[in-house]
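Chemist: Before we start, here is the structure in question, set down as structure tokens.
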Amino acid sequence: MKRTKKESRHRIHLRIRSKIKGTTERPRLSVFRSNKSIYCQLIDDTKGLTVAAASSHNLDSKSAGVEQAVAVGKLVAERALAAGVKNVVFDRGGYLYHGRVKALADGAREGGLQF
């Protein structure tokens, strides 16, 4: 039986999540991308809280693709630093670490987060 692309990504995501946990000192930077937008949040798994979040909907510019992902990465880094978080664990969410996901991670690093 052949799996769909969505089912395969979900299985990969669950496998990654079994190994990665976010703590209060080092929350998990979770990424979700759709065809038009990209979203990310810093999650403390021990308390079940979202520390900071950002998405492409929060941006004023009409950029798309990689430029949009870099801007979202910088925005979440800015919000994380305001919340007192400097170190994070990166959760790519079952997506390949390339393209927009890699651009978001690079933008977060430029903004001051350490992985």
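The way I read the labels, and the way they are meant: chains A, B, ... in the order of the structure tokens, residue 1 as the first residue of every chain, and ligand 1 as the first ligand shown, with later ones counted on from there.
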I'd like the contact shell of A:Arg92 - 10 Å cut-off, only C-alpha atoms, skipping same-chain residues fewer than 5 positions apart - returned as a VMD selection string.
Modeler: chain A and resid 12 to 13 16 to 17 28 to 33 40 97 to 98 101 to 102 105
Chemist: Write a file of the selected residues as an mmCIF file, in the first residue's frame, keeping N, CA and C atoms.
Modeler:
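To be explicit, this is the file written out as out-v6.cif:
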data_model
loop_
_atom_site.group_PDB
_atom_site.id
_atom_site.type_symbol
_atom_site.label_atom_id
_atom_site.label_comp_id
_atom_site.auth_asym_id
_atom_site.auth_seq_id
_atom_site.Cartn_x
_atom_site.Cartn_y
_atom_site.Cartn_z
ATOM 1 N N ILE A 12 7.527 10.745 9.656
ATOM 2 C CA ILE A 12 8.857 11.286 9.917
ATOM 3 C C ILE A 12 8.792 12.267 11.082
ATOM 4 N N HIS A 13 7.755 13.093 11.096
ATOM 5 C CA HIS A 13 7.581 14.074 12.168
ATOM 6 C C HIS A 13 7.453 13.384 13.525
ATOM 7 N N ILE A 16 10.858 12.135 14.649
ATOM 8 C CA ILE A 16 11.693 13.235 15.137
ATOM 9 C C ILE A 16 11.239 13.664 16.521
ATOM 10 N N ARG A 17 9.921 13.784 16.714
ATOM 11 C CA ARG A 17 9.378 14.245 18.004
ATOM 12 C C ARG A 17 9.665 13.272 19.133
ATOM 13 N N ARG A 28 11.665 24.018 22.126
ATOM 14 C CA ARG A 28 11.698 23.430 20.781
ATOM 15 C C ARG A 28 11.181 24.453 19.771
ATOM 16 N N LEU A 29 11.956 24.704 18.719
ATOM 17 C CA LEU A 29 11.548 25.595 17.635
ATOM 18 C C LEU A 29 10.896 24.731 16.571
ATOM 19 N N SER A 30 9.574 24.710 16.566
ATOM 20 C CA SER A 30 8.796 23.870 15.662
ATOM 21 C C SER A 30 8.410 24.652 14.413
ATOM 22 N N VAL A 31 8.531 24.007 13.252
ATOM 23 C CA VAL A 31 8.269 24.648 11.965
ATOM 24 C C VAL A 31 7.123 23.939 11.260
ATOM 25 N N PHE A 32 6.221 24.731 10.691
ATOM 26 C CA PHE A 32 5.189 24.206 9.797
ATOM 27 C C PHE A 32 5.156 25.090 8.564
ATOM 28 N N ARG A 33 5.146 24.461 7.413
ATOM 29 C CA ARG A 33 5.059 25.250 6.189
ATOM 30 C C ARG A 33 3.899 24.750 5.346
ATOM 31 N N CYS A 40 6.205 29.233 12.776
ATOM 32 C CA CYS A 40 7.101 28.608 13.731
ATOM 33 C C CYS A 40 6.718 29.052 15.141
ATOM 34 N N TYR A 97 15.531 19.442 5.494
ATOM 35 C CA TYR A 97 16.243 20.645 5.927
ATOM 36 C C TYR A 97 16.864 21.286 4.698
ATOM 37 N N HIS A 98 16.014 22.024 3.969
ATOM 38 C CA HIS A 98 16.474 22.642 2.747
ATOM 39 C C HIS A 98 15.389 23.601 2.293
ATOM 40 N N VAL A 101 12.693 25.835 4.967
ATOM 41 C CA VAL A 101 12.958 25.403 6.351
ATOM 42 C C VAL A 101 14.377 25.798 6.750
ATOM 43 N N LYS A 102 15.335 25.585 5.868
ATOM 44 C CA LYS A 102 16.721 25.978 6.138
ATOM 45 C C LYS A 102 16.839 27.497 6.231
ATOM 46 N N ALA A 105 15.689 28.645 9.630
ATOM 47 C CA ALA A 105 16.707 28.354 10.644
ATOM 48 C C ALA A 105 17.862 29.346 10.556
#
Chemist: Give me the residues within 12 Å of A:Asn35 as a list of chain:residue names, counting only C-alpha atoms and dropping any in the same chain fewer than 3 places off.
Modeler: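 Contacts, with the query itself left out: A:Phe32, A:Ile38, A:Tyr39, A:Ser56, A:Ala64, A:Gly65, A:Arg100.
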Chemist: Go ahead and dump the residues you just picked, C-alpha atoms, as a JSON list (two decimals), in the first residue's frame.
Modeler:
[["chain", "number", "residue", "atom", "x", "y", "z"],
["A", 32, "PHE", "CA", 5.19, 24.21, 9.80],
["A", 38, "ILE", "CA", 5.43, 29.43, 7.00],
["A", 39, "TYR", "CA", 4.84, 29.27, 10.76],
["A", 56, "SER", "CA", 4.48, 34.99, 7.56],
["A", 64, "ALA", "CA", 7.51, 35.10, -0.72],
["A", 65, "GLY", "CA", 9.53, 31.94, -0.51],
["A", 100, "ARG", "CA", 12.35, 27.52, 3.22]]
Chemist: Which one of A:Lys2, A:Lys21, A:Lys62, A:Arg9 sits closest to A:Asp44 if you count only C-alpha atoms?
Modeler: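 The closest residue to A:Asp44 is A:Lys21.
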Chemist: Once DSSP has gone over the backbone, tell me which residues of stretch 44-112 of chain A are in strand (DSSP E or B), as an MDAnalysis selection string.
Modeler: chainID A and resid 44 49:55 87 89:91
Chemist: Can you write out the residues you just picked, keeping N, CA and C atoms, as a CSV table (one decimal), in the first residue's frame?
Modeler:
chain,number,residue,atom,x,y,z
A,44,ASP,N,7.7,24.9,25.0
A,44,ASP,CA,8.2,24.3,26.2
A,44,ASP,C,7.3,23.1,26.5
A,49,LEU,N,3.6,24.9,27.1
A,49,LEU,CA,3.4,26.3,26.7
A,49,LEU,C,4.1,26.7,25.5
A,50,THR,N,3.5,27.6,24.8
A,50,THR,CA,4.2,28.3,23.6
A,50,THR,C,4.8,29.5,24.2
A,51,VAL,N,6.1,29.6,24.1
A,51,VAL,CA,6.9,30.8,24.6
A,51,VAL,C,6.8,31.9,23.6
A,52,ALA,N,7.0,31.7,22.3
A,52,ALA,CA,6.9,32.7,21.3
A,52,ALA,C,6.5,32.1,20.0
A,53,ALA,N,5.9,32.9,19.1
A,53,ALA,CA,5.5,32.4,17.8
A,53,ALA,C,5.6,33.5,16.8
A,54,ALA,N,5.7,33.0,15.5
A,54,ALA,CA,5.8,34.0,14.4
A,54,ALA,C,5.3,33.3,13.2
A,55,SER,N,4.8,34.0,12.3
A,55,SER,CA,4.4,33.4,11.0
A,55,SER,C,4.5,34.5,9.9
A,87,ASN,N,18.8,29.8,23.7
A,87,ASN,CA,19.1,28.5,23.1
A,87,ASN,C,17.8,27.7,22.8
A,89,VAL,N,16.1,24.0,20.5
A,89,VAL,CA,16.2,22.8,19.8
A,89,VAL,C,15.4,22.9,18.5
A,90,PHE,N,16.0,22.6,17.4
A,90,PHE,CA,15.3,22.8,16.1
A,90,PHE,C,14.5,21.6,15.8
A,91,ASP,N,13.2,21.7,15.5
A,91,ASP,CA,12.3,20.6,15.1
A,91,ASP,C,11.8,21.0,13.7
Chemist: Find the residues around A:Lys86 up to 10 Å (only C-alpha atoms counted), leave out those fewer than 3 positions away in its own chain, and share them as a PDB file with N, CA and C atoms, in the first residue's frame.
Modeler:
ATOM      1  N   GLU A  25      14.613  25.824  29.668  1.00  0.00           N
ATOM      2  CA  GLU A  25      15.862  26.491  29.303  1.00  0.00           C
ATOM      3  C   GLU A  25      16.107  26.451  27.804  1.00  0.00           C
ATOM      4  N   ARG A  26      15.647  25.383  27.147  1.00  0.00           N
ATOM      5  CA  ARG A  26      15.906  25.176  25.722  1.00  0.00           C
ATOM      6  C   ARG A  26      14.642  24.688  25.031  1.00  0.00           C
ATOM      7  N   PRO A  27      13.721  25.609  24.683  1.00  0.00           N
ATOM      8  CA  PRO A  27      12.466  25.195  24.048  1.00  0.00           C
ATOM      9  C   PRO A  27      12.678  24.684  22.627  1.00  0.00           C
ATOM     10  N   ALA A  77      13.193  35.008  16.404  1.00  0.00           N
ATOM     11  CA  ALA A  77      14.380  35.201  17.241  1.00  0.00           C
ATOM     12  C   ALA A  77      14.238  36.451  18.094  1.00  0.00           C
ATOM     13  N   GLU A  78      13.716  37.507  17.492  1.00  0.00           N
ATOM     14  CA  GLU A  78      13.493  38.755  18.230  1.00  0.00           C
ATOM     15  C   GLU A  78      12.518  38.538  19.380  1.00  0.00           C
ATOM     16  N   ALA A  80      11.809  35.658  20.824  1.00  0.00           N
ATOM     17  CA  ALA A  80      12.399  34.731  21.790  1.00  0.00           C
ATOM     18  C   ALA A  80      13.359  35.452  22.722  1.00  0.00           C
ATOM     19  N   LEU A  81      14.180  36.328  22.172  1.00  0.00           N
ATOM     20  CA  LEU A  81      15.111  37.082  23.004  1.00  0.00           C
ATOM     21  C   LEU A  81      14.371  37.996  23.974  1.00  0.00           C
ATOM     22  N   ALA A  82      13.225  38.535  23.533  1.00  0.00           N
ATOM     23  CA  ALA A  82      12.407  39.361  24.425  1.00  0.00           C
ATOM     24  C   ALA A  82      11.827  38.528  25.563  1.00  0.00           C
ATOM     25  N   ALA A  83      11.580  37.236  25.290  1.00  0.00           N
ATOM     26  CA  ALA A  83      11.043  36.336  26.316  1.00  0.00           C
ATOM     27  C   ALA A  83      12.152  35.722  27.170  1.00  0.00           C
ATOM     28  N   GLY A 112      19.956  35.812  16.467  1.00  0.00           N
ATOM     29  CA  GLY A 112      20.586  35.655  17.774  1.00  0.00           C
ATOM     30  C   GLY A 112      20.283  34.356  18.501  1.00  0.00           C
ATOM     31  N   LEU A 113      19.500  33.463  17.917  1.00  0.00           N
ATOM     32  CA  LEU A 113      19.236  32.179  18.568  1.00  0.00           C
ATOM     33  C   LEU A 113      20.388  31.209  18.311  1.00  0.00           C
ATOM     34  N   GLN A 114      20.634  30.353  19.289  1.00  0.00           N
ATOM     35  CA  GLN A 114      21.658  29.319  19.148  1.00  0.00           C
ATOM     36  C   GLN A 114      20.998  27.956  19.160  1.00  0.00           C
ATOM     37  N   PHE A 115      21.357  27.121  18.186  1.00  0.00           N
ATOM     38  CA  PHE A 115      20.780  25.776  18.078  1.00  0.00           C
ATOM     39  C   PHE A 115      21.714  24.782  18.724  1.00  0.00           C
TER      40      PHE A 115
END
Chemist: Measuring atom to atom with only C-alpha atoms, identify which of A:Lys6, A:Val66, A:Val88, A:Gln41 is nearest to A:Thr23.
Modeler: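 So, comparing all the options, the nearest one is A:Val88.
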Chemist: Quick check for you: according to DSSP on this backbone, which residues of chain A are classed as helix (DSSP H, G or I)? Reply as a PyMOL selection string.
Modeler: chain A and resi 5-19+56-58+66-82+100-111
Chemist: Considering only C-alpha atoms, can you say which of A:Gly111, A:Val70, A:Ser37, A:Asp45 comes closest to A:His57?
Modeler: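 Among A:Gly111, A:Val70, A:Ser37, A:Asp45, it is A:Ser37 that comes nearest to A:His57.
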Chemist: What's the separation between atom CA of A:Ala69 and atom CA of A:Thr24, in Å to one decimal place?
Modeler: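 Between these atoms lies a distance of 25.1 Å.
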Chemist: Please measure the separation of atom CA of A:Gly93 and atom CA of A:Asn58, giving the value in Å to one decimal.
Modeler: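 Computed distance, atom CA of A:Gly93 to atom CA of A:Asn58, equals 20.7 Å.
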